>>> print(open('entry30.cif').read())   # mmCIF, C-alpha atoms
data_query
#
loop_
_atom_site.label_atom_id
_atom_site.label_comp_id
_atom_site.auth_asym_id
_atom_site.auth_seq_id
_atom_site.Cartn_x
_atom_site.Cartn_y
_atom_site.Cartn_z
CA MET A 1 0.00 0.00 0.00
CA SER A 2 1.57 3.24 -1.10
CA GLN A 3 1.14 6.79 -2.32
CA ASP A 4 4.57 6.85 -4.00
CA ILE A 5 4.14 6.53 -7.75
CA ARG A 6 7.76 5.44 -8.21
CA GLU A 7 6.86 2.00 -6.89
CA PHE A 8 4.59 1.34 -9.86
CA ILE A 9 6.61 2.47 -12.87
CA SER A 10 9.77 1.09 -14.40
CA PRO A 11 12.51 2.51 -16.65
CA PHE A 12 10.79 0.68 -19.53
CA THR A 13 7.39 2.35 -19.07
CA GLU A 14 6.38 4.52 -22.04
CA ILE A 15 2.69 4.82 -21.13
CA PHE A 16 1.54 4.84 -17.54
CA ALA A 17 -2.27 4.70 -17.59
CA LEU A 18 -4.54 5.51 -14.65
CA GLY A 19 -8.17 4.48 -14.88
CA GLU A 20 -11.33 5.44 -13.03
CA PRO A 21 -14.45 3.31 -12.46
CA THR A 22 -16.93 6.10 -13.28
CA HIS A 23 -17.02 9.65 -14.61
CA LEU A 24 -19.60 10.60 -11.96
CA GLU A 25 -17.06 11.51 -9.28
CA HIS A 26 -13.85 13.48 -9.47
CA ALA A 27 -11.66 12.12 -6.67
CA HIS A 28 -9.54 10.27 -9.21
CA THR A 29 -9.02 13.42 -11.29
CA TRP A 30 -7.68 15.35 -8.29
CA ILE A 31 -5.35 12.46 -7.45
CA ARG A 32 -4.35 12.31 -11.13
CA ASN A 33 -3.17 15.91 -10.92
CA GLU A 34 -1.06 15.15 -7.86
CA LEU A 35 0.47 12.12 -9.55
CA PHE A 36 1.23 14.04 -12.74
CA GLU A 37 3.21 16.59 -10.75
CA GLN A 38 5.26 13.71 -9.34
CA LEU A 39 5.68 12.15 -12.79
CA ALA A 40 6.79 15.46 -14.30
CA GLY A 41 9.63 15.41 -11.80
CA LEU A 42 10.53 11.91 -13.02
CA GLY A 43 10.81 12.88 -16.70
CA TYR A 44 7.23 12.51 -17.95
CA ARG A 45 6.55 15.29 -20.45
CA SER A 46 2.97 14.69 -21.58
CA ILE A 47 -0.49 13.77 -20.40
CA ALA A 48 -3.32 12.32 -22.50
CA LEU A 49 -6.94 12.44 -21.35
CA GLU A 50 -10.21 10.87 -22.48
CA THR A 51 -11.22 13.87 -24.56
CA CYS A 52 -11.31 14.62 -28.29
CA ARG A 53 -7.85 14.65 -29.84
CA ILE A 54 -8.69 17.57 -32.11
CA ARG A 55 -10.12 19.73 -29.34
CA GLY A 56 -7.14 18.86 -27.18
CA MET A 57 -4.86 20.70 -29.60
CA LEU A 58 -6.39 23.98 -28.42
CA VAL A 59 -5.53 23.06 -24.83
CA ASN A 60 -1.98 22.16 -25.82
CA ASP A 61 -1.53 25.49 -27.58
CA TYR A 62 -2.66 27.24 -24.41
CA VAL A 63 -0.45 25.34 -21.96
CA HIS A 64 2.50 26.10 -24.24
CA GLY A 65 1.85 29.81 -23.74
CA GLY A 66 -0.48 30.41 -26.68
CA PRO A 67 -3.16 33.10 -26.78
CA GLY A 68 -6.63 32.87 -25.31
CA ASP A 69 -8.22 32.75 -21.90
CA LEU A 70 -8.73 29.82 -19.59
CA ASP A 71 -12.55 29.96 -19.66
CA THR A 72 -12.61 29.65 -23.46
CA VAL A 73 -10.04 26.85 -23.45
CA MET A 74 -12.04 24.86 -20.92
CA LYS A 75 -15.23 25.32 -22.94
CA GLU A 76 -13.86 24.64 -26.41
CA GLY A 77 -10.83 22.45 -25.72
CA PHE A 78 -12.64 19.52 -24.08
CA SER A 79 -15.30 17.12 -25.35
CA HIS A 80 -17.81 15.04 -23.34
CA SER A 81 -18.47 18.02 -20.98
CA PHE A 82 -15.11 17.43 -19.29
CA GLY A 83 -14.01 21.08 -19.41
CA GLU A 84 -16.28 23.69 -17.90
CA ASN A 85 -17.67 21.64 -15.01
CA TRP A 86 -14.56 19.69 -14.02
CA PRO A 87 -12.50 21.79 -11.58
CA ALA A 88 -9.62 19.31 -11.50
CA ASN A 89 -9.24 19.59 -15.28
CA ARG A 90 -9.23 23.38 -15.00
CA GLU A 91 -6.57 23.22 -12.31
CA LEU A 92 -4.49 20.84 -14.47
CA VAL A 93 -4.54 23.17 -17.49
CA GLN A 94 -3.70 26.22 -15.39
CA TRP A 95 -0.87 24.41 -13.61
CA MET A 96 0.64 23.14 -16.89
CA ARG A 97 0.69 26.65 -18.36
CA GLU A 98 2.40 28.00 -15.26
CA TYR A 99 4.86 25.09 -15.18
CA ASN A 100 5.82 25.65 -18.83
CA ALA A 101 6.39 29.39 -18.52
CA GLY A 102 10.03 30.21 -19.20
CA LYS A 103 11.08 26.60 -19.80
CA ALA A 104 12.92 25.30 -22.86
CA GLU A 105 10.81 23.41 -25.41
CA ALA A 106 12.25 20.03 -24.40
CA GLU A 107 11.23 20.58 -20.77
CA ARG A 108 7.67 21.75 -21.40
CA LEU A 109 4.68 19.57 -20.64
CA SER A 110 2.28 18.76 -23.48
CA PHE A 111 -1.44 18.07 -23.33
CA HIS A 112 -3.18 15.57 -25.61
CA GLY A 113 -6.70 14.30 -26.04
CA PHE A 114 -6.71 10.72 -27.28
CA ASP A 115 -10.43 10.11 -27.68
CA PHE A 116 -12.60 10.03 -30.77
CA GLN A 117 -14.99 12.95 -31.30
CA THR A 118 -18.01 10.75 -30.64
CA GLU A 119 -20.19 9.81 -27.74
CA THR A 120 -21.45 6.23 -27.82
CA THR A 121 -24.82 7.28 -29.24
CA SER A 122 -23.94 10.46 -31.13
CA ALA A 123 -21.34 11.61 -33.61
CA PRO A 124 -20.66 15.02 -35.15
CA SER A 125 -20.62 16.01 -38.80
CA PRO A 126 -17.33 15.25 -40.60
CA ARG A 127 -17.44 18.59 -42.47
CA PRO A 128 -15.20 20.82 -40.26
CA TYR A 129 -12.47 18.17 -40.12
CA LEU A 130 -12.38 17.76 -43.88
CA GLU A 131 -12.52 21.54 -44.33
CA HIS A 132 -9.42 22.04 -42.19
CA ALA A 133 -7.40 19.77 -44.47
CA ARG A 134 -8.92 21.35 -47.59
CA ASP A 135 -7.98 24.83 -46.42
CA TYR A 136 -4.46 23.71 -45.49
CA LEU A 137 -3.97 22.29 -48.96
CA GLY A 138 -5.60 25.31 -50.61
CA VAL A 139 -7.77 23.23 -52.93
CA ASP A 140 -11.25 24.09 -54.17
CA VAL A 141 -13.78 21.41 -53.19
CA ASP A 142 -17.34 21.93 -52.00
CA LEU A 143 -17.99 20.39 -48.60
CA THR A 144 -21.37 21.98 -47.94
CA ILE A 145 -23.66 19.54 -46.09
CA ASP A 146 -26.46 19.68 -43.53
CA ASP A 147 -24.54 19.27 -40.27
CA GLU A 148 -27.70 18.72 -38.21
CA LYS A 149 -28.65 15.70 -40.29
CA TRP A 150 -25.32 14.10 -39.45
CA SER A 151 -24.98 15.10 -35.80
CA ARG A 152 -28.46 14.32 -34.39
CA ASP A 153 -28.78 11.29 -32.12
CA GLU A 154 -31.19 9.58 -34.52
CA ALA A 155 -28.37 9.31 -37.06
CA VAL A 156 -26.70 6.80 -34.71
CA LEU A 157 -29.67 5.13 -33.02
CA ASP A 158 -31.84 4.59 -36.12
CA PHE A 159 -30.00 3.17 -39.12
CA ALA A 160 -32.84 4.29 -41.40
CA GLN A 161 -32.13 7.93 -40.49
CA SER A 162 -28.35 7.67 -40.80
CA PRO A 163 -26.69 9.45 -43.76
CA GLY A 164 -23.76 7.03 -43.56
CA ARG A 165 -24.66 5.12 -46.76
CA SER A 166 -26.00 8.08 -48.73
CA GLU A 167 -24.62 9.45 -51.99
CA GLU A 168 -23.44 12.44 -49.98
CA ALA A 169 -21.41 10.14 -47.73
CA VAL A 170 -19.85 8.42 -50.73
CA ARG A 171 -18.91 11.82 -52.17
CA LEU A 172 -17.35 12.93 -48.87
CA ARG A 173 -15.32 9.73 -48.59
CA GLU A 174 -14.01 10.21 -52.10
CA ILE A 175 -13.09 13.82 -51.36
CA GLY A 176 -11.45 12.87 -48.06
CA THR A 177 -9.41 10.09 -49.64
CA GLY A 178 -8.26 12.48 -52.37
CA LEU A 179 -7.26 15.08 -49.79
CA LEU A 180 -5.30 12.47 -47.85
CA ARG A 181 -3.42 11.48 -51.00
CA GLN A 182 -2.56 15.11 -51.74
CA LEU A 183 -1.56 15.72 -48.13
CA HIS A 184 0.94 12.87 -48.16
CA GLN A 185 2.35 14.00 -51.46
CA ARG A 186 3.22 17.29 -49.73
CA LYS A 187 4.43 15.74 -46.48
CA THR A 188 6.57 18.01 -44.34
CA ALA A 189 7.80 17.95 -40.76
CA ASP A 190 6.06 21.14 -39.64
CA GLU A 191 3.33 21.30 -37.02
CA ALA A 192 0.70 22.63 -39.44
CA TRP A 193 1.03 19.50 -41.60
CA VAL A 194 0.76 17.22 -38.57
CA ARG A 195 -2.37 19.05 -37.45
CA ALA A 196 -3.91 18.86 -40.94
CA GLU A 197 -3.31 15.11 -41.03
CA ALA A 198 -4.91 14.70 -37.59
CA TYR A 199 -8.00 16.64 -38.69
CA LEU A 200 -8.31 14.71 -41.94
CA THR A 201 -7.81 11.34 -40.27
CA ALA A 202 -10.51 12.30 -37.77
CA GLY A 203 -12.89 13.25 -40.56
CA LEU A 204 -12.36 9.99 -42.41
CA SER A 205 -12.82 8.04 -39.19
CA LEU A 206 -16.12 9.83 -38.62
CA LEU A 207 -17.27 8.85 -42.08
CA ARG A 208 -16.49 5.21 -41.29
CA TYR A 209 -18.34 5.56 -37.98
CA HIS A 210 -21.42 6.97 -39.72
CA ARG A 211 -21.17 4.20 -42.31
CA GLN A 212 -21.40 1.64 -39.52
CA CYS A 213 -24.39 3.51 -38.05
CA ALA A 214 -26.25 2.99 -41.33
CA GLU A 215 -25.88 -0.80 -41.35
CA PRO A 216 -29.31 -2.48 -40.99
CA ASN A 217 -28.26 -4.53 -37.96
CA PRO A 218 -29.92 -4.84 -34.54
CA LEU A 219 -29.04 -1.95 -32.25
CA GLY A 220 -26.92 -4.13 -29.98
CA VAL A 221 -24.77 -5.25 -32.92
CA ARG A 222 -24.30 -1.69 -34.13
CA ILE A 223 -23.44 -0.35 -30.67
CA THR A 224 -20.90 -3.15 -30.19
CA ARG A 225 -19.20 -2.25 -33.47
CA LEU A 226 -19.29 1.46 -32.67
CA CYS A 227 -17.65 0.86 -29.29
CA GLN A 228 -14.96 -1.16 -31.04
CA MET A 229 -14.43 1.59 -33.60
CA ARG A 230 -14.15 4.25 -30.90
CA ASP A 231 -11.56 2.33 -28.92
CA GLY A 232 -9.73 1.49 -32.13
CA VAL A 233 -9.36 5.21 -32.82
CA MET A 234 -8.28 5.76 -29.22
CA ALA A 235 -5.58 3.10 -29.56
CA ARG A 236 -4.33 4.61 -32.82
CA ASN A 237 -4.24 8.04 -31.20
CA LEU A 238 -2.26 6.74 -28.22
CA LEU A 239 0.35 5.19 -30.49
CA GLU A 240 0.54 8.39 -32.53
CA ILE A 241 0.97 10.44 -29.35
CA ARG A 242 3.81 8.15 -28.32
CA ARG A 243 5.43 8.63 -31.73
CA ILE A 244 5.26 12.40 -31.22
CA GLU A 245 6.49 12.26 -27.62
CA ALA A 246 9.05 9.44 -27.94
CA GLY A 247 12.09 11.71 -27.75
CA ARG A 248 10.81 13.77 -24.82
CA GLY A 249 9.71 11.30 -22.18
CA PRO A 250 6.92 8.91 -21.18
CA THR A 251 3.21 9.78 -21.29
CA PHE A 252 0.68 9.71 -18.44
CA VAL A 253 -2.81 8.65 -19.59
CA HIS A 254 -6.12 9.03 -17.75
CA ALA A 255 -9.49 7.59 -18.79
CA HIS A 256 -12.22 5.20 -17.72
CA ASN A 257 -10.95 1.74 -16.77
CA ALA A 258 -12.98 0.27 -19.63
CA HIS A 259 -10.74 2.06 -22.14
CA LEU A 260 -7.42 1.16 -20.52
CA GLN A 261 -7.57 -2.44 -19.26
CA ARG A 262 -5.67 -5.10 -21.20
CA THR A 263 -8.67 -7.42 -21.17
CA ASN A 264 -11.75 -6.86 -23.33
CA SER A 265 -14.44 -4.53 -21.95
CA SER A 266 -18.19 -4.95 -21.60
CA MET A 267 -21.31 -3.13 -20.43
CA GLU A 268 -25.09 -3.38 -20.49
CA MET A 269 -26.76 -0.97 -22.93
CA ALA A 270 -30.18 -0.84 -24.58
CA GLY A 271 -30.99 -4.18 -22.99
CA GLU A 272 -27.97 -5.79 -24.64
CA ARG A 273 -24.59 -6.93 -23.35
CA ILE A 274 -21.96 -5.02 -25.33
CA GLU A 275 -18.40 -6.39 -25.52
CA TRP A 276 -15.39 -4.89 -27.28
CA PHE A 277 -11.60 -4.68 -27.22
CA SER A 278 -10.54 -1.63 -25.23
CA ALA A 279 -7.83 0.77 -26.37
CA GLY A 280 -5.61 -0.78 -23.71
CA ALA A 281 -6.26 -4.28 -25.06
CA LEU A 282 -5.18 -3.05 -28.50
CA VAL A 283 -2.14 -1.02 -27.39
CA ALA A 284 -0.73 -3.46 -24.83
CA PRO A 285 0.36 -6.15 -27.35
CA VAL A 286 2.21 -3.46 -29.32
CA LEU A 287 3.99 -1.85 -26.36
CA GLY A 288 4.47 -4.93 -24.19
CA ASP A 289 6.09 -4.06 -20.85
CA GLN A 290 6.24 -0.42 -21.94
CA TYR A 291 2.52 -0.20 -21.06
CA THR A 292 1.57 -0.08 -17.38
CA VAL A 293 -2.04 0.34 -16.26
CA MET A 294 -3.45 1.10 -12.83
CA ALA A 295 -7.22 0.75 -12.42
CA GLY A 296 -9.09 3.23 -10.27
CA THR A 297 -11.61 1.81 -7.80
CA LEU A 298 -14.17 3.44 -5.53
CA GLY A 299 -15.73 2.28 -2.29
CA ARG A 300 -18.54 4.71 -1.56
CA ASN A 301 -20.09 7.85 -2.99
CA ASP A 302 -23.23 9.00 -1.21
CA GLY A 303 -23.75 11.77 -3.76
CA PHE A 304 -24.96 9.37 -6.44
CA GLY A 305 -26.20 6.50 -4.35
CA LEU A 306 -23.16 4.23 -4.13
CA GLY A 307 -23.26 2.84 -0.61
CA GLU A 308 -20.62 1.20 1.52
CA PRO A 309 -19.59 -2.11 -0.12
CA ASP A 310 -20.04 -5.38 1.73
CA LYS A 311 -16.81 -6.46 3.39
CA ASP A 312 -16.56 -9.67 1.35
CA THR A 313 -16.58 -7.82 -1.98
CA LEU A 314 -13.44 -6.74 -3.80
CA GLU A 315 -14.05 -3.06 -2.99
CA GLY A 316 -14.95 -4.03 0.57
CA GLN A 317 -11.56 -5.70 0.97
CA LEU A 318 -9.85 -2.53 -0.28
CA GLN A 319 -11.85 -0.27 2.06
CA GLY A 320 -9.96 -1.65 5.04
CA ARG A 321 -6.52 -0.96 3.57
CA PHE A 322 -6.61 2.83 3.26
CA THR A 323 -7.71 5.82 5.31
CA THR A 324 -8.51 7.99 2.26
CA TRP A 325 -6.84 6.66 -0.88
CA GLY A 326 -3.80 4.69 -1.87
CA MET A 327 -2.17 2.47 -4.47
CA THR A 328 -1.40 -1.22 -4.31
CA ALA A 329 -0.06 -3.96 -6.55
CA ASP A 330 -1.57 -6.59 -4.25
CA LYS A 331 -4.94 -7.57 -5.67
CA PRO A 332 -7.84 -8.28 -3.31
CA GLN A 333 -9.80 -11.51 -3.08
CA GLY A 334 -13.57 -11.39 -2.94
CA ARG A 335 -16.79 -11.34 -4.89
CA THR A 336 -18.07 -8.69 -7.27
CA ARG A 337 -20.38 -6.20 -5.57
CA GLN A 338 -24.03 -6.33 -6.66
CA ASP A 339 -25.31 -3.01 -5.29
CA THR A 340 -24.40 -0.89 -8.32
CA SER A 341 -27.10 -1.64 -10.89
CA GLN A 342 -28.84 1.70 -10.30
CA VAL A 343 -25.60 3.73 -10.45
CA MET A 344 -25.29 4.68 -14.10
CA GLY A 345 -21.75 4.64 -15.46
CA TYR A 346 -20.13 2.87 -12.49
CA PHE A 347 -18.22 -0.32 -13.33
CA PRO A 348 -17.55 -2.44 -10.20
CA LEU A 349 -14.28 -4.25 -9.76
CA ASP A 350 -14.28 -7.87 -10.87
CA GLN A 351 -11.78 -10.62 -11.58
CA HIS A 352 -11.82 -9.90 -15.30
CA LEU A 353 -10.71 -6.31 -14.75
CA LEU A 354 -8.13 -7.40 -12.18
CA ALA A 355 -6.60 -9.71 -14.79
CA GLY A 356 -6.13 -6.76 -17.15
CA VAL A 357 -4.30 -4.30 -14.86
CA ASP A 358 -1.02 -4.09 -12.98
CA ALA A 359 -2.14 -2.22 -9.85
CA LEU A 360 -5.06 -0.45 -8.20
CA LEU A 361 -5.71 3.07 -6.92
CA HIS A 362 -8.55 2.86 -4.41
CA VAL A 363 -10.61 5.80 -3.18
CA ARG A 364 -12.61 5.06 -0.03
CA VAL A 365 -15.15 7.90 -0.40
CA GLY A 366 -15.59 9.99 -3.54
CA ARG A 367 -17.29 13.29 -4.31
CA PRO A 368 -19.69 13.80 -7.26
CA VAL A 369 -18.98 16.21 -10.08
CA THR A 370 -21.56 18.95 -10.58
CA ARG A 371 -22.29 18.85 -14.30
#
>>> encode(input="entry30.cif", output="structure tokens")
Amino acid sequence: MSQDIREFISPFTEIFALGEPTHLEHAHTWIRNELFEQLAGLGYRSIALETCRIRGMLVNDYVHGGPGDLDTVMKEGFSHSFGENWPANRELVQWMREYNAGKAEAERLSFHGFDFQTETTSAPSPRPYLEHARDYLGVDVDLTIDDEKWSRDEAVLDFAQSPGRSEEAVRLREIGTGLLRQLHQRKTADEAWVRAEAYLTAGLSLLRYHRQCAEPNPLGVRITRLCQMRDGVMARNLLEIRRIEAGRGPTFVHAHNAHLQRTNSSMEMAGERIEWFSAGALVAPVLGDQYTVMAGTLGRNDGFGLGEPDKDTLEGQLQGRFTTWGMTADKPQGRTRQDTSQVMGYFPLDQHLLAGVDALLHVRVGRPVTR
């Protein structure tokens, strides 16, 4: 049992990932900030969060001393509502900007989002992502579409209302593929090119996502494939972030446990059991022992109805080890708690998750986020 992060990383670690069991409380995000300060002192030079990779570029510009104000960055630089109403994220961004002030480029901390632009049941229009690449290349192609038709929830939940198989979608895919070909013909090492490629890759990924939404399959089948696509993009983004950061130091990653564990993930949704390979399950075979993952666990949170776990459950066994929070590589023995079915978004600890992580960070009592 420890609060010293050095006990859980090795000289081989390139990605140290910290999970959380739910987005409903923010104890893990405050602890994440504390740990990142420690890791920065140990040579880590970047952090990647479960937020849109494209939006995260705005945050990175800001923490590197770029223009703008913190309120705008928190509103526009985060997806999934993780900016404005998450005080720990605000503190992180502010601290990184202050830390970087006056430092040489090699010593500055970088911020990355590694998530797709989508929620599970909604996805934005691909237009602005394709337009960014078009404008960078200076080519004349018409990308005018009805954004609302693409971004409404029905476009994901009802395959008959999805534009993913329409003639418009085919035209956009052809345009996007052509732009990608032109972009790689002009490949340079400058930051503007890298950003244009990220935007274009995101746009093409969105088109594939919408194409899957339009398949006339049962909802459970489509949601399963969409979850797999999302985590596939997350895995690709993590590997790309490591390529960018390889010469500067390891990367600290924070997201839901379900995206980071080495084992496949699952959840109940729309009356179906959804199973998919997490980003961690896809990245771990590539990185081997360079990937270390610590799952976050939670004992109680009265704010959203998560009571004290029974002592014979896995979380119950952890409750007795810590006064507030702590980290351990020793995995508990016990049963999976059954009192969480009414707590939306909370994933209890089980043997399957334990098999897919290296260590645990347990919080005895959490506090809910006001969203």
>>> closest_residue(input="entry30.cif", among="A:Ala27, A:Val221, A:Leu287, A:Leu282", to="A:Asn264", atoms="only C-alpha atoms")
A:Leu282
>>> closest_residue(input="entry30.cif", among="A:Arg222, A:Arg97, A:Lys103, A:Arg134", to="A:Asp158", atoms="only C-alpha atoms")
A:Arg222
>>> residues_around(input="entry30.cif", residues="A:Lys75", least_positions_apart="6", cutoff="12 Å", atoms="only C-alpha atoms", output="PyMOL selection string")
chain A and resi 55-56+58-59+68-69+81-86+89-90
>>> atom_distance(input="entry30.cif", atom1="atom CA of A:Glu119", atom2="atom CA of A:Leu226")
9.7 Å
>>> resolve_selection(input="entry30.cif", expression="the PyMOL selection byres ((chain A and resi 305) around 12)", output="ChimeraX atom specification")
/A:24-25,299-304,306-309,339-344,346,365-368
>>> residues_around(input="entry30.cif", residues="A:Arg273", least_positions_apart="3", cutoff="10 Å", atoms="all atoms listed in the file", output="ChimeraX atom specification")
/A:220-221,223-224,266-270
>>> closest_residue(input="entry30.cif", among="A:Ala123, A:Val63, A:Leu18, A:Val363", to="A:Thr292", atoms="all atoms listed in the file")
A:Leu18
>>> closest_atom_pairs(input="entry30.cif", of="stretch 207-259 of chain A", to="stretch 39-53 of chain A", cutoff="12 Å", atoms="only C-alpha atoms", output="JSON lines")
{"residue": "A:Arg230", "atom": "CA", "partner": "A:Cys52", "partner_atom": "CA", "distance": 11.1}
{"residue": "A:Asp231", "atom": "CA", "partner": "A:Glu50", "partner_atom": "CA", "distance": 10.8}
{"residue": "A:Val233", "atom": "CA", "partner": "A:Arg53", "partner_atom": "CA", "distance": 10.0}
{"residue": "A:Met234", "atom": "CA", "partner": "A:Glu50", "partner_atom": "CA", "distance": 8.7}
{"residue": "A:Ala235", "atom": "CA", "partner": "A:Glu50", "partner_atom": "CA", "distance": 11.5}
{"residue": "A:Arg236", "atom": "CA", "partner": "A:Arg53", "partner_atom": "CA", "distance": 11.0}
{"residue": "A:Asn237", "atom": "CA", "partner": "A:Arg53", "partner_atom": "CA", "distance": 7.7}
{"residue": "A:Leu238", "atom": "CA", "partner": "A:Ala48", "partner_atom": "CA", "distance": 8.1}
{"residue": "A:Leu239", "atom": "CA", "partner": "A:Ala48", "partner_atom": "CA", "distance": 11.3}
{"residue": "A:Glu240", "atom": "CA", "partner": "A:Arg53", "partner_atom": "CA", "distance": 10.8}
{"residue": "A:Ile241", "atom": "CA", "partner": "A:Ala48", "partner_atom": "CA", "distance": 8.3}
{"residue": "A:Arg242", "atom": "CA", "partner": "A:Ser46", "partner_atom": "CA", "distance": 9.4}
{"residue": "A:Ile244", "atom": "CA", "partner": "A:Ser46", "partner_atom": "CA", "distance": 10.2}
{"residue": "A:Glu245", "atom": "CA", "partner": "A:Ser46", "partner_atom": "CA", "distance": 7.4}
{"residue": "A:Ala246", "atom": "CA", "partner": "A:Arg45", "partner_atom": "CA", "distance": 9.8}
{"residue": "A:Gly247", "atom": "CA", "partner": "A:Arg45", "partner_atom": "CA", "distance": 9.8}
{"residue": "A:Arg248", "atom": "CA", "partner": "A:Arg45", "partner_atom": "CA", "distance": 6.3}
{"residue": "A:Gly249", "atom": "CA", "partner": "A:Tyr44", "partner_atom": "CA", "distance": 5.1}
{"residue": "A:Pro250", "atom": "CA", "partner": "A:Tyr44", "partner_atom": "CA", "distance": 4.8}
{"residue": "A:Thr251", "atom": "CA", "partner": "A:Ser46", "partner_atom": "CA", "distance": 4.9}
{"residue": "A:Phe252", "atom": "CA", "partner": "A:Ile47", "partner_atom": "CA", "distance": 4.7}
{"residue": "A:Val253", "atom": "CA", "partner": "A:Ala48", "partner_atom": "CA", "distance": 4.7}
{"residue": "A:His254", "atom": "CA", "partner": "A:Leu49", "partner_atom": "CA", "distance": 5.0}
{"residue": "A:Ala255", "atom": "CA", "partner": "A:Glu50", "partner_atom": "CA", "distance": 5.0}
{"residue": "A:His256", "atom": "CA", "partner": "A:Glu50", "partner_atom": "CA", "distance": 7.7}
{"residue": "A:Asn257", "atom": "CA", "partner": "A:Glu50", "partner_atom": "CA", "distance": 10.8}
{"residue": "A:Ala258", "atom": "CA", "partner": "A:Glu50", "partner_atom": "CA", "distance": 11.3}
{"residue": "A:His259", "atom": "CA", "partner": "A:Glu50", "partner_atom": "CA", "distance": 8.8}
>>> residues_around(input="entry30.cif", residues="A:Ala155", least_positions_apart="5", cutoff="9 Å", atoms="all atoms listed in the file", output="NGL selection string")
:A and (121-123 or 149-150 or 160-164 or 210 or 213-214)
>>> closest_residue(input="entry30.cif", among="A:Phe347, A:Phe36, A:Tyr291, A:Phe111", to="A:Tyr62", atoms="only C-alpha atoms")
A:Phe111
>>> residues_around(input="entry30.cif", residues="stretch 184-190 of chain A", least_positions_apart="3", cutoff="12 Å", atoms="all atoms listed in the file", output="PyMOL selection string")
chain A and resi 133+136-138+177-181+193-197+200-201+244
>>> atom_distance(input="entry30.cif", atom1="atom CA of A:Gly316", atom2="atom CA of A:Ala88")
26.8 Å
>>> atom_distance(input="entry30.cif", atom1="atom CA of A:Gly334", atom2="atom CA of A:Glu7")
24.7 Å
>>> closest_residue(input="entry30.cif", among="A:Leu349, A:Leu109, A:Met327, A:Val357", to="A:Ile5", atoms="only C-alpha atoms")
A:Met327
>>> closest_residue(input="entry30.cif", among="A:Met294, A:Val93, A:Ala17, A:Leu207", to="A:Val170", atoms="only C-alpha atoms")
A:Leu207
>>> residues_around(input="entry30.cif", residues="A:Arg364", least_positions_apart="2", cutoff="8 Å", atoms="only C-alpha atoms", output="PyMOL selection string")
chain A and resi 298-300+319+322-325+362+366
>>> axis_aligned_box(input="entry30.cif", around="stretch 64-74 of chain A", padding_each_side="5 Å", output="lines of an AutoDock Vina configuration file")
center_x = -5.1
center_y = 29.0
center_z = -23.2
size_x = 25.1
size_y = 18.2
size_z = 17.2
>>> resolve_selection(input="entry30.cif", expression="the PyMOL selection byres ((chain A and resi 317) around 10)", output="mmCIF file with C-alpha atoms, keeping the file's coordinate frame")
data_model
loop_
_atom_site.group_PDB
_atom_site.id
_atom_site.type_symbol
_atom_site.label_atom_id
_atom_site.label_comp_id
_atom_site.auth_asym_id
_atom_site.auth_seq_id
_atom_site.Cartn_x
_atom_site.Cartn_y
_atom_site.Cartn_z
ATOM 1 C CA GLY A 299 -15.730 2.280 -2.290
ATOM 2 C CA PRO A 309 -19.590 -2.110 -0.120
ATOM 3 C CA ASP A 310 -20.040 -5.380 1.730
ATOM 4 C CA LYS A 311 -16.810 -6.460 3.390
ATOM 5 C CA ASP A 312 -16.560 -9.670 1.350
ATOM 6 C CA THR A 313 -16.580 -7.820 -1.980
ATOM 7 C CA LEU A 314 -13.440 -6.740 -3.800
ATOM 8 C CA GLU A 315 -14.050 -3.060 -2.990
ATOM 9 C CA GLY A 316 -14.950 -4.030 0.570
ATOM 10 C CA LEU A 318 -9.850 -2.530 -0.280
ATOM 11 C CA GLN A 319 -11.850 -0.270 2.060
ATOM 12 C CA GLY A 320 -9.960 -1.650 5.040
ATOM 13 C CA ARG A 321 -6.520 -0.960 3.570
ATOM 14 C CA LYS A 331 -4.940 -7.570 -5.670
ATOM 15 C CA PRO A 332 -7.840 -8.280 -3.310
ATOM 16 C CA GLN A 333 -9.800 -11.510 -3.080
ATOM 17 C CA GLY A 334 -13.570 -11.390 -2.940
ATOM 18 C CA ARG A 335 -16.790 -11.340 -4.890
#
>>> build_atoms(input="entry30.cif", residues="stretch 337-341 of chain A", atoms="N, CA, C and O atoms", output="mmCIF file, keeping the file's coordinate frame")
data_model
loop_
_atom_site.group_PDB
_atom_site.id
_atom_site.type_symbol
_atom_site.label_atom_id
_atom_site.label_comp_id
_atom_site.auth_asym_id
_atom_site.auth_seq_id
_atom_site.Cartn_x
_atom_site.Cartn_y
_atom_site.Cartn_z
ATOM 1 N N ARG A 337 -19.254 -6.816 -6.255
ATOM 2 C CA ARG A 337 -20.380 -6.200 -5.570
ATOM 3 C C ARG A 337 -21.605 -6.149 -6.478
ATOM 4 O O ARG A 337 -21.485 -5.991 -7.696
ATOM 5 N N GLN A 338 -22.782 -6.264 -5.896
ATOM 6 C CA GLN A 338 -24.030 -6.330 -6.660
ATOM 7 C C GLN A 338 -24.956 -5.160 -6.367
ATOM 8 O O GLN A 338 -26.118 -5.179 -6.776
ATOM 9 N N ASP A 339 -24.451 -4.121 -5.696
ATOM 10 C CA ASP A 339 -25.310 -3.010 -5.290
ATOM 11 C C ASP A 339 -25.161 -1.800 -6.208
ATOM 12 O O ASP A 339 -25.461 -0.680 -5.815
ATOM 13 N N THR A 340 -24.728 -2.026 -7.446
ATOM 14 C CA THR A 340 -24.400 -0.890 -8.320
ATOM 15 C C THR A 340 -25.292 -0.773 -9.544
ATOM 16 O O THR A 340 -25.073 0.079 -10.390
ATOM 17 N N SER A 341 -26.306 -1.608 -9.651
ATOM 18 C CA SER A 341 -27.100 -1.640 -10.890
ATOM 19 C C SER A 341 -27.821 -0.334 -11.164
ATOM 20 O O SER A 341 -28.109 -0.008 -12.317
#
